[in-house]
>>> print(open('work-v4.txt').read())   # compact mmCIF, C-alpha atoms
# COMPACT_ATOMS: atom_id res chain seq x y z
CA MET A 331 117.07 54.51 -66.06
CA SER A 332 116.29 53.91 -69.71
CA THR A 333 115.87 56.67 -72.26
CA THR A 334 112.22 55.76 -72.80
CA THR A 335 111.41 56.10 -69.11
CA THR A 336 113.14 59.48 -68.94
CA GLU A 337 111.14 60.76 -71.90
CA GLU A 338 107.92 59.46 -70.40
CA LEU A 339 108.61 61.20 -67.09
CA SER A 340 109.54 64.43 -68.89
CA ALA A 341 106.34 64.33 -70.91
CA THR A 342 104.24 64.12 -67.78
CA THR A 343 105.79 67.13 -66.05
CA LEU A 344 103.76 70.31 -65.93
CA LEU A 345 105.25 73.82 -65.96
CA ARG A 346 103.11 76.78 -65.00
CA PHE A 347 104.53 80.05 -66.26
CA ALA A 348 103.35 83.64 -66.54
CA THR A 349 104.26 86.44 -68.91
CA ALA A 350 104.67 90.13 -68.12
CA GLY A 351 105.88 93.18 -69.93
CA SER A 352 105.37 96.90 -70.21
CA VAL A 353 102.88 98.26 -72.73
CA ASP A 354 104.09 97.80 -76.34
CA ASP A 355 106.92 95.43 -75.39
CA GLY A 356 105.33 92.93 -77.77
CA LYS A 357 104.13 90.44 -75.20
CA SER A 358 100.95 89.37 -77.01
CA THR A 359 102.88 88.90 -80.24
CA PHE A 360 105.48 86.89 -78.32
CA VAL A 361 102.85 84.57 -76.85
CA GLY A 362 101.16 84.24 -80.24
CA ARG A 363 104.50 83.38 -81.84
CA LEU A 364 105.20 80.77 -79.16
CA LEU A 365 101.83 79.09 -79.70
CA HIS A 366 102.03 79.35 -83.50
CA ASP A 367 105.57 78.05 -83.96
CA SER A 368 105.15 75.26 -81.42
CA LYS A 369 102.16 74.02 -83.46
CA SER A 370 99.79 74.72 -80.56
CA VAL A 371 97.19 76.65 -82.57
CA LEU A 372 94.19 74.94 -84.09
CA THR A 373 93.54 75.51 -87.80
CA ASP A 374 90.24 77.31 -87.22
CA GLN A 375 91.88 79.61 -84.66
CA LEU A 376 94.60 80.56 -87.11
CA GLU A 377 92.06 81.13 -89.87
CA ALA A 378 90.05 83.42 -87.57
CA VAL A 379 93.17 85.43 -86.75
CA GLU A 380 94.05 85.72 -90.43
CA ARG A 381 90.57 87.07 -91.17
CA ALA A 382 90.78 89.56 -88.29
CA SER A 383 94.23 90.66 -89.43
CA ALA A 384 93.10 91.37 -92.97
CA SER A 385 91.21 94.56 -92.12
CA PRO A 386 94.23 96.60 -90.97
CA GLY A 387 95.90 95.62 -94.22
CA GLN A 388 98.99 93.98 -92.84
CA GLU A 389 100.85 91.33 -94.79
CA GLY A 390 100.87 88.43 -92.32
CA PRO A 391 98.60 87.33 -89.49
CA ASP A 392 98.66 89.44 -86.33
CA LEU A 393 99.74 86.78 -83.84
CA ALA A 394 98.81 89.05 -80.90
CA LEU A 395 95.16 88.30 -81.68
CA LEU A 396 95.70 84.71 -80.58
CA THR A 397 95.78 85.93 -76.97
CA ASP A 398 94.08 89.35 -76.95
CA GLY A 399 90.56 87.96 -77.05
CA LEU A 400 88.60 90.85 -75.56
CA ARG A 401 87.23 93.44 -77.96
CA ALA A 402 88.69 96.23 -75.79
CA GLU A 403 92.10 94.55 -75.97
CA ARG A 404 92.02 94.44 -79.76
CA GLU A 405 90.79 98.02 -80.07
CA GLN A 406 93.40 99.43 -77.68
CA GLY A 407 96.22 97.08 -78.63
CA ILE A 408 96.90 96.17 -75.00
CA THR A 409 96.28 93.16 -72.77
CA ILE A 410 93.70 93.79 -70.04
CA ASP A 411 92.71 90.47 -68.50
CA VAL A 412 94.66 87.33 -67.58
CA ALA A 413 94.30 84.74 -70.34
CA TYR A 414 95.19 81.11 -69.63
CA ARG A 415 96.52 78.94 -72.44
CA TYR A 416 97.17 75.21 -72.32
CA PHE A 417 99.63 73.57 -74.69
CA ALA A 418 102.17 70.78 -74.83
CA THR A 419 105.26 69.58 -76.62
CA PRO A 420 106.62 66.01 -76.68
CA LYS A 421 108.79 66.93 -73.68
CA ARG A 422 106.44 68.83 -71.34
CA ARG A 423 102.95 70.19 -70.68
CA PHE A 424 102.41 73.89 -70.02
CA ILE A 425 99.88 76.25 -68.47
CA LEU A 426 100.53 79.82 -69.59
CA ALA A 427 99.06 82.80 -67.73
CA ASP A 428 99.26 85.75 -70.11
CA ALA A 429 98.96 88.72 -67.73
CA PRO A 430 98.61 92.41 -68.66
CA GLY A 431 101.59 94.70 -68.37
CA HIS A 432 100.03 98.11 -67.72
CA VAL A 433 100.43 99.50 -64.20
CA GLN A 434 96.65 99.85 -64.00
CA TYR A 435 96.34 96.05 -64.09
CA THR A 436 98.91 95.16 -61.44
CA ARG A 437 96.21 93.13 -59.67
CA ASN A 438 96.00 90.91 -62.77
CA MET A 439 99.79 90.50 -62.78
CA VAL A 440 99.69 89.23 -59.20
CA THR A 441 96.90 86.80 -60.08
CA GLY A 442 98.79 85.45 -63.08
CA ALA A 443 102.08 84.96 -61.21
CA SER A 444 100.68 83.62 -57.94
CA THR A 445 100.92 79.95 -58.98
CA ALA A 446 103.73 80.23 -61.54
CA GLU A 447 107.04 78.38 -61.33
CA LEU A 448 108.52 80.58 -64.05
CA ARG A 449 107.90 84.22 -64.97
CA VAL A 450 108.77 85.72 -68.34
CA ILE A 451 109.49 89.45 -68.30
CA LEU A 452 109.64 91.07 -71.72
CA VAL A 453 111.68 94.19 -72.41
CA ASP A 454 111.69 96.27 -75.58
CA ALA A 455 115.32 96.33 -76.75
CA ARG A 456 114.89 99.98 -77.75
CA ASN A 457 113.69 101.11 -74.31
CA GLY A 458 115.54 98.82 -71.93
CA VAL A 459 114.55 98.43 -68.28
CA VAL A 460 111.69 100.78 -67.35
CA GLU A 461 109.61 101.26 -64.19
CA GLN A 462 107.13 98.56 -65.15
CA THR A 463 110.01 96.12 -65.69
CA ARG A 464 111.09 96.80 -62.11
CA ARG A 465 107.52 96.32 -60.90
CA HIS A 466 107.32 92.93 -62.65
CA ALA A 467 110.63 91.89 -61.09
CA ALA A 468 109.45 93.00 -57.63
CA ILE A 469 106.25 90.98 -57.96
CA ALA A 470 108.21 87.92 -59.08
CA ALA A 471 110.47 88.29 -56.04
CA LEU A 472 107.57 88.81 -53.64
CA LEU A 473 105.70 85.79 -54.98
CA ARG A 474 108.82 83.63 -54.74
CA VAL A 475 108.72 82.60 -58.40
CA PRO A 476 111.68 80.17 -58.68
CA HIS A 477 112.72 81.04 -62.25
CA VAL A 478 112.68 84.35 -64.13
CA VAL A 479 113.37 84.72 -67.86
CA LEU A 480 114.30 88.14 -69.24
CA ALA A 481 113.20 88.12 -72.88
CA VAL A 482 114.78 91.08 -74.65
CA ASN A 483 112.33 91.54 -77.52
CA LYS A 484 112.42 93.48 -80.81
CA MET A 485 116.10 92.75 -81.36
CA ASP A 486 115.38 93.17 -85.09
CA LEU A 487 114.75 96.88 -84.45
CA VAL A 488 118.25 97.37 -82.97
CA ASP A 489 120.00 95.45 -85.75
CA TYR A 490 120.48 92.41 -83.50
CA GLN A 491 123.32 94.13 -81.65
CA GLU A 492 124.88 92.01 -78.91
CA SER A 493 125.93 95.12 -76.97
CA VAL A 494 122.32 96.28 -76.62
CA PHE A 495 121.24 92.91 -75.28
CA ALA A 496 124.22 92.64 -72.91
CA ALA A 497 123.61 96.08 -71.38
CA ILE A 498 119.92 95.37 -70.71
CA ALA A 499 120.64 91.91 -69.32
CA GLU A 500 123.30 93.29 -66.97
CA GLU A 501 121.08 96.09 -65.64
CA PHE A 502 118.08 93.83 -65.07
CA THR A 503 120.11 91.03 -63.49
CA ALA A 504 121.71 93.40 -60.99
CA TYR A 505 118.31 94.79 -60.01
CA ALA A 506 116.61 91.39 -59.77
CA LEU A 507 119.40 89.86 -57.69
CA GLU A 508 119.10 92.76 -55.25
CA LEU A 509 115.41 91.91 -54.91
CA GLY A 510 116.28 88.29 -54.18
CA VAL A 511 115.19 86.64 -57.43
CA PRO A 512 116.92 83.23 -57.24
CA GLU A 513 117.51 82.51 -60.93
CA ILE A 514 117.57 84.76 -64.01
CA THR A 515 118.00 83.67 -67.63
CA ALA A 516 118.32 86.30 -70.37
CA ILE A 517 117.34 85.45 -73.97
CA PRO A 518 117.45 87.83 -76.98
CA ILE A 519 114.39 87.40 -79.21
CA SER A 520 112.30 88.92 -81.96
CA ALA A 521 108.70 87.82 -81.52
CA LEU A 522 107.64 89.39 -84.81
CA ALA A 523 110.35 87.65 -86.84
CA GLY A 524 110.42 84.49 -84.73
CA ASP A 525 114.06 84.73 -83.63
CA ASN A 526 114.90 82.48 -80.64
CA VAL A 527 111.28 81.97 -79.58
CA VAL A 528 110.89 78.41 -80.85
CA ASP A 529 113.50 78.27 -83.61
CA PRO A 530 117.15 79.41 -83.27
CA SER A 531 117.96 82.77 -84.82
CA ALA A 532 120.19 83.04 -87.87
CA ASN A 533 120.66 86.74 -87.08
CA MET A 534 122.27 86.35 -83.64
CA ASP A 535 125.11 83.88 -84.05
CA TRP A 536 126.78 85.55 -81.06
CA TYR A 537 124.13 84.01 -78.77
CA GLY A 538 124.92 80.46 -77.73
CA GLY A 539 122.09 79.81 -75.28
CA PRO A 540 118.79 77.97 -75.71
CA THR A 541 115.72 79.27 -77.49
CA PHE A 542 112.85 80.25 -75.23
CA LEU A 543 110.95 77.01 -75.84
CA GLU A 544 114.09 74.93 -75.24
CA HIS A 545 114.49 76.67 -71.89
CA LEU A 546 110.85 75.98 -70.99
CA GLU A 547 111.30 72.30 -71.82
CA THR A 548 114.43 71.86 -69.72
CA VAL A 549 114.10 74.20 -66.72
CA PRO A 550 113.76 72.15 -63.50
CA VAL A 551 110.19 71.95 -62.24
CA THR A 552 110.57 72.72 -58.54
CA HIS A 553 106.92 72.99 -57.53
CA ASP A 554 106.74 69.55 -55.93
CA LEU A 555 105.17 70.36 -52.55
CA SER A 556 104.82 66.75 -51.43
CA HIS A 557 107.91 67.12 -49.23
CA CYS A 558 106.77 70.39 -47.59
CA HIS A 559 104.94 70.81 -44.28
CA ALA A 560 101.72 68.81 -44.64
CA ARG A 561 98.61 71.01 -44.60
CA LEU A 562 94.94 70.19 -45.25
CA PRO A 563 92.49 73.14 -45.09
CA VAL A 564 89.05 71.72 -44.32
CA GLN A 565 86.58 72.70 -47.04
CA TYR A 566 83.55 70.66 -46.03
CA VAL A 567 82.41 68.27 -43.30
CA ILE A 568 80.76 65.15 -44.76
CA ARG A 569 78.03 63.49 -42.66
CA PRO A 570 75.84 61.23 -44.87
CA GLN A 571 73.86 59.86 -41.88
CA THR A 572 72.43 57.11 -44.08
CA ALA A 573 71.63 53.51 -43.25
CA GLU A 574 74.81 52.48 -45.09
CA HIS A 575 77.01 55.10 -43.39
CA PRO A 576 75.29 55.98 -40.09
CA ASP A 577 78.45 57.11 -38.27
CA TYR A 578 80.56 58.41 -41.18
CA ARG A 579 82.22 61.76 -40.43
CA GLY A 580 84.84 62.94 -42.88
CA TYR A 581 86.70 66.18 -43.44
CA ALA A 582 87.08 67.04 -47.10
CA GLY A 583 89.52 69.42 -48.77
CA GLN A 584 92.44 69.74 -51.16
CA ILE A 585 95.84 69.02 -49.64
CA ALA A 586 97.74 72.31 -49.85
CA ALA A 587 101.17 70.81 -49.18
CA GLY A 588 102.88 67.67 -47.95
CA THR A 589 101.71 64.09 -47.51
CA PHE A 590 99.21 62.48 -45.13
CA ARG A 591 99.15 58.79 -44.11
CA VAL A 592 96.67 56.57 -42.35
CA GLY A 593 97.73 56.12 -38.72
CA GLU A 594 99.48 59.50 -38.53
CA GLU A 595 98.92 61.70 -35.48
CA VAL A 596 97.46 65.08 -36.44
CA THR A 597 96.45 68.36 -34.82
CA VAL A 598 93.41 70.40 -35.80
CA LEU A 599 94.04 74.14 -35.75
CA PRO A 600 93.26 76.65 -34.39
CA SER A 601 91.66 74.57 -31.58
CA GLY A 602 94.81 72.48 -31.01
CA ARG A 603 92.85 69.23 -30.56
CA THR A 604 94.73 66.09 -31.57
CA SER A 605 93.73 62.75 -33.05
CA ARG A 606 94.94 60.08 -35.44
CA ILE A 607 94.01 59.54 -39.11
CA SER A 608 91.86 56.41 -39.25
CA GLY A 609 91.18 56.56 -42.99
CA ILE A 610 91.65 58.54 -46.20
CA ASP A 611 89.12 58.43 -49.05
CA LEU A 612 90.22 59.46 -52.55
CA LEU A 613 87.62 59.47 -55.34
CA GLY A 614 85.40 57.28 -53.20
CA GLU A 615 88.08 54.66 -52.58
CA PRO A 616 90.19 54.17 -49.42
CA VAL A 617 93.93 54.86 -49.74
CA ASP A 618 96.83 54.68 -47.31
CA VAL A 619 98.65 57.81 -48.51
CA ALA A 620 97.60 61.11 -50.11
CA TRP A 621 99.68 64.08 -51.19
CA THR A 622 99.69 67.64 -52.46
CA THR A 623 96.84 68.86 -54.73
CA GLN A 624 94.79 65.69 -54.21
CA SER A 625 91.24 66.31 -53.03
CA VAL A 626 90.54 63.86 -50.22
CA THR A 627 88.30 63.10 -47.27
CA VAL A 628 90.14 62.41 -44.02
CA LEU A 629 88.58 60.39 -41.20
CA LEU A 630 89.82 60.78 -37.64
CA GLN A 631 89.97 58.21 -34.88
CA ASP A 632 88.37 60.55 -32.30
CA ASP A 633 85.07 62.39 -32.55
CA ILE A 634 86.34 65.97 -32.17
CA ASP A 635 84.95 69.30 -33.31
CA VAL A 636 86.26 70.09 -36.79
CA SER A 637 84.65 72.71 -39.06
CA ARG A 638 85.15 74.40 -42.40
CA GLY A 639 88.15 76.71 -42.16
CA ASP A 640 90.10 74.49 -39.75
CA LEU A 641 93.55 73.23 -40.71
CA ILE A 642 94.64 69.62 -40.25
CA VAL A 643 98.42 69.25 -39.80
CA PRO A 644 100.87 66.62 -38.51
CA ARG A 645 101.10 66.79 -34.73
CA LYS A 646 104.89 67.09 -34.84
CA ASP A 647 104.85 69.79 -37.54
CA ALA A 648 102.14 72.24 -36.54
CA PRO A 649 102.54 75.95 -37.32
CA ALA A 650 102.11 78.52 -34.58
CA THR A 651 98.78 80.31 -34.35
CA THR A 652 98.67 84.07 -34.04
CA GLN A 653 96.34 87.06 -34.13
CA ASP A 654 99.11 89.42 -35.24
CA VAL A 655 100.07 88.95 -38.88
CA GLY A 656 102.96 90.84 -40.44
CA ALA A 657 103.18 90.68 -44.22
CA THR A 658 104.24 92.28 -47.44
CA VAL A 659 101.23 93.06 -49.59
CA CYS A 660 100.31 94.25 -53.04
CA HIS A 661 97.27 96.52 -52.81
CA VAL A 662 94.99 95.88 -55.77
CA ALA A 663 91.86 97.91 -55.03
CA ASP A 664 91.18 101.44 -56.26
CA ALA A 665 90.35 102.73 -52.77
CA PRO A 666 93.39 103.08 -50.47
CA LEU A 667 94.20 100.67 -47.64
CA THR A 668 94.58 102.77 -44.50
CA VAL A 669 95.53 102.29 -40.86
CA GLY A 670 92.38 101.31 -38.97
CA HIS A 671 90.79 99.76 -42.06
CA ARG A 672 88.32 97.01 -41.07
CA VAL A 673 88.62 94.05 -43.41
CA LEU A 674 88.01 90.34 -43.77
CA LEU A 675 91.14 88.21 -44.00
CA LYS A 676 90.80 85.00 -46.04
CA HIS A 677 93.49 82.42 -45.35
CA GLY A 678 92.96 79.06 -47.03
CA THR A 679 89.34 78.12 -46.34
CA ARG A 680 89.05 80.33 -43.25
CA THR A 681 87.75 83.93 -43.27
CA VAL A 682 88.02 86.11 -40.16
CA LYS A 683 87.49 89.75 -39.22
CA ALA A 684 90.65 91.85 -39.04
CA ILE A 685 91.93 95.41 -38.61
CA VAL A 686 94.91 97.01 -40.32
CA LYS A 687 96.93 98.18 -37.32
CA ASN A 688 99.86 99.76 -39.13
CA VAL A 689 101.45 100.36 -42.52
CA PRO A 690 105.17 100.47 -41.60
CA SER A 691 106.56 101.07 -45.09
CA ARG A 692 105.93 101.34 -48.82
CA LEU A 693 108.42 100.12 -51.43
CA THR A 694 109.75 102.57 -54.01
CA LEU A 695 110.50 100.52 -57.10
CA ASP A 696 112.99 102.88 -58.74
CA ASP A 697 115.72 102.46 -56.14
CA LEU A 698 114.17 99.85 -53.81
CA SER A 699 114.07 102.40 -50.99
CA LEU A 700 111.45 102.16 -48.26
CA HIS A 701 109.13 105.06 -47.57
CA PRO A 702 108.47 104.80 -43.81
CA ASN A 703 105.01 105.05 -42.24
CA PRO A 704 103.05 106.11 -45.33
CA GLY A 705 99.79 105.61 -43.43
CA GLN A 706 98.10 104.06 -46.45
CA LEU A 707 98.72 102.06 -49.60
CA LEU A 708 97.27 103.20 -52.92
CA ALA A 709 96.26 101.03 -55.86
CA ASN A 710 99.20 98.90 -57.09
CA ASP A 711 101.43 99.88 -54.15
CA ILE A 712 103.67 97.25 -52.55
CA GLY A 713 104.28 97.69 -48.84
CA ARG A 714 104.35 96.25 -45.34
CA VAL A 715 101.30 95.91 -43.11
CA LYS A 716 100.57 94.71 -39.59
CA ILE A 717 97.15 93.12 -39.15
CA ARG A 718 95.24 92.06 -36.03
CA THR A 719 92.73 89.25 -36.54
CA ALA A 720 89.63 88.47 -34.49
CA GLU A 721 90.62 84.81 -34.17
CA PRO A 722 93.96 83.00 -34.08
CA LEU A 723 95.23 81.85 -37.46
CA PRO A 724 97.69 79.03 -38.18
CA VAL A 725 99.94 80.67 -40.77
CA ASP A 726 103.20 79.59 -42.34
CA SER A 727 105.85 81.90 -43.68
CA TYR A 728 105.34 82.50 -47.40
CA ALA A 729 108.98 81.47 -47.89
CA GLU A 730 108.06 78.00 -46.60
CA SER A 731 104.69 77.62 -48.30
CA ARG A 732 103.17 79.76 -51.04
CA ARG A 733 99.77 78.18 -50.33
CA THR A 734 99.47 78.48 -46.54
CA GLY A 735 101.67 81.56 -46.26
CA SER A 736 99.40 83.75 -48.40
CA PHE A 737 96.10 85.50 -47.82
CA ILE A 738 93.81 88.16 -49.24
CA LEU A 739 92.05 91.08 -47.59
CA ILE A 740 88.39 91.57 -48.51
CA ASP A 741 86.07 94.55 -48.15
CA PRO A 742 83.35 93.31 -45.73
CA SER A 743 80.73 95.62 -47.24
CA ASP A 744 80.76 94.29 -50.82
CA GLY A 745 83.21 91.38 -51.01
CA THR A 746 85.77 93.25 -53.14
CA THR A 747 89.32 91.90 -52.98
CA LEU A 748 91.52 94.65 -51.55
CA THR A 749 94.98 93.24 -51.06
CA ALA A 750 97.11 90.14 -51.69
CA GLY A 751 99.48 89.35 -48.83
CA MET A 752 102.57 87.22 -48.20
CA VAL A 753 103.15 86.40 -44.53
CA ASP A 754 106.51 87.52 -43.11
CA GLU A 755 107.81 88.36 -46.58
CA SER A 756 109.65 91.66 -46.68
CA PHE A 757 112.49 93.61 -48.18
CA ASP A 758 113.21 94.95 -44.71
CA THR A 759 113.17 93.48 -41.23
CA LEU A 760 109.74 93.56 -39.65
CA GLU A 761 109.95 95.63 -36.50
CA PRO A 762 107.41 95.22 -33.69
CA VAL A 763 104.56 97.64 -34.21
CA LYS A 764 103.01 99.31 -31.18
CA ASP A 765 99.26 98.77 -30.94
CA GLU A 766 98.06 102.36 -30.72
CA SER A 767 94.38 102.05 -31.71
CA GLU A 768 91.37 100.49 -30.05
CA ASP A 769 89.17 97.93 -31.73
CA ASP A 770 86.23 100.31 -32.11
CA GLY A 771 83.56 97.71 -31.46
CA TRP A 772 85.25 94.81 -33.25
CA ASP A 773 85.51 92.24 -30.48
CA PHE A 774 89.15 91.18 -30.62
>>> encode(input="work-v4.txt", output="structure tokens")
Amino acid sequence: MSTTTTEELSATTLLRFATAGSVDDGKSTFVGRLLHDSKSVLTDQLEAVERASASPGQEGPDLALLTDGLRAEREQGITIDVAYRYFATPKRRFILADAPGHVQYTRNMVTGASTAELRVILVDARNGVVEQTRRHAAIAALLRVPHVVLAVNKMDLVDYQESVFAAIAEEFTAYALELGVPEITAIPISALAGDNVVDPSANMDWYGGPTFLEHLETVPVTHDLSHCHARLPVQYVIRPQTAEHPDYRGYAGQIAAGTFRVGEEVTVLPSGRTSRISGIDLLGEPVDVAWTTQSVTVLLQDDIDVSRGDLIVPRKDAPATTQDVGATVCHVADAPLTVGHRVLLKHGTRTVKAIVKNVPSRLTLDDLSLHPNPGQLLANDIGRVKIRTAEPLPVDSYAESRRTGSFILIDPSDGTTLTAGMVDESFDTLEPVKDESEDDGWDF
């Protein structure tokens, strides 16, 4: 392959990554430095930041203001909401989810990392690994983020000492590996001074690794789901019933994983009915093959009952359907999640009634111990749950598919998101849970 072709392919790759850090670890400044030094900031944006920075009387622009856009964020000096930034270099395109670091906003951390292929965890070199650092690592492990970067920030405040960096990197790596994080890269940086963010540092000649941007540009992008189990959640049934298309019946949705081909035998779940793909429409044009993330309309050879919420899968690769879902969850609502809690479970495009039958354990982040049978999960807790659904669901393991192995629990009274769940993901072995409660009027 020629050099030109390699560069062209590299330039078209997309890396989604998310940042996390405890309060005052310098995350917003780090993101601002990355955008500024990679020439990803428009002139008017930089001028606005310089004007906003003038009032506190500081010498240079406050790069944190490039990402902390909410007034409350600027007043408090913390990140509150998830901010998405899009930028590119000649080698790669990037989508950055800048998530808050405070424990109060764990729900935002989960949102930011849910689609990331790489997670950046910042640590203040003066403070080392703290509880929030462990929480960020646990979330990265739960969400199966393939790559984790430990950015040891504020090295300028510890005189750029290699020993400080080495001790923090060793402690974090040991903890993250115990959680099951597959790959960890540690980089010493100073976001304020610009050391090792985009440009190599002249103050840390003992470090021979890549700068942060160099690592972003070269880390393997492993999010290609085209070779995974093929899954198409049905979003909408298209029936024009016009003179031009009197018998057209198509099933539209975004392919969650894998590849579909015309002529392929498929099964519609949860009904289990089978048919064969007679056509695939993409952007109004017929195609023979469609793959992950493409929004398509699939036509079937047989006139069978297919509705919104159904899942179209290859006949030879269909997941099992179940009404008993075991999962590890991150509880994001202020009100606790308790045994007997009646909820709605949203999986893909399907939403069903469900009951929390048991809460077998809650994870203690300090030592990764499991608190057995807590009975409830409080806001920002990570734990195990067993859920009974009103209807069978075709679910994959989260380890096999981050799209079809995940779900959320919703409060049926007001639509509030309660919990984010990963099917059959756990730090312990899921034991069978005895069904001790009745359905109390919920017919399942």
>>> closest_atom_pairs(input="work-v4.txt", of="range 570-617 of chain A", to="range 703-724 of chain A", cutoff="10 Å", atoms="only C-alpha atoms", output="Markdown table")
| residue | atom | partner | partner_atom | distance |
| --- | --- | --- | --- | --- |
| A:Val598 | CA | A:Pro724 | CA | 9.9 |
| A:Leu599 | CA | A:Pro724 | CA | 6.6 |
| A:Pro600 | CA | A:Pro724 | CA | 6.3 |
| A:Ser601 | CA | A:Pro722 | CA | 9.1 |
>>> residues_around(input="work-v4.txt", residues="His545 in chain A", least_positions_apart="5", cutoff="9 Å", atoms="only C-alpha atoms", output="PyMOL selection string")
chain A and resi 515+539-540
>>> residues_around(input="work-v4.txt", residues="range 627-632 of chain A", least_positions_apart="4", cutoff="8 Å", atoms="all atoms listed in the file", output="MDAnalysis selection string")
chainID A and resid 579:583 605:612
>>> atom_distance(input="work-v4.txt", atom1="CA of Arg415 in chain A", atom2="CA of Leu365 in chain A")
9.0 Å
>>> atom_distance(input="work-v4.txt", atom1="CA of Lys357 in chain A", atom2="CA of Ala413 in chain A")
12.4 Å
>>> atom_distance(input="work-v4.txt", atom1="CA of Lys687 in chain A", atom2="CA of Leu641 in chain A")
25.4 Å
>>> closest_residue(input="work-v4.txt", among="A:Asp486, A:Asp535, A:Leu452, A:Val619", to="Val353 in chain A", atoms="all atoms listed in the file")
A:Leu452
>>> closest_residue(input="work-v4.txt", among="A:Asp754, A:Ala481, A:Ala684, A:Arg465", to="Thr349 in chain A", atoms="only C-alpha atoms")
A:Ala481
>>> closest_residue(input="work-v4.txt", among="A:Gly351, A:Gly593, A:Gly751, A:Pro563", to="Leu739 in chain A", atoms="all atoms listed in the file")
A:Gly751
>>> closest_residue(input="work-v4.txt", among="A:Leu674, A:Leu344, A:Leu700, A:Ile740", to="Val662 in chain A", atoms="all atoms listed in the file")
A:Ile740
>>> closest_residue(input="work-v4.txt", among="A:Gly745, A:Gly678, A:Pro518, A:Gly588", to="Glu730 in chain A", atoms="all atoms listed in the file")
A:Gly588
>>> residues_around(input="work-v4.txt", residues="Arg449 in chain A", least_positions_apart="3", cutoff="6 Å", atoms="all atoms listed in the file", output="list in words")
Phe347, Ala348, Thr349 and Val478 of chain A
>>> closest_residue(input="work-v4.txt", among="A:Phe502, A:Ser637, A:Gly670, A:Asp489", to="Asn533 in chain A", atoms="only C-alpha atoms")
A:Asp489
>>> residues_around(input="work-v4.txt", residues="Leu522 in chain A", least_positions_apart="4", cutoff="8 Å", atoms="only C-alpha atoms", output="number ranges by chain")
A: 359-360, 363, 484
>>> residues_around(input="work-v4.txt", residues="Ala496 in chain A", least_positions_apart="6", cutoff="12 Å", atoms="all atoms listed in the file", output="JSON, numbers by chain")
{"A": [455, 458, 480, 481, 482, 485, 490, 502, 503, 516, 517, 518, 536, 537]}
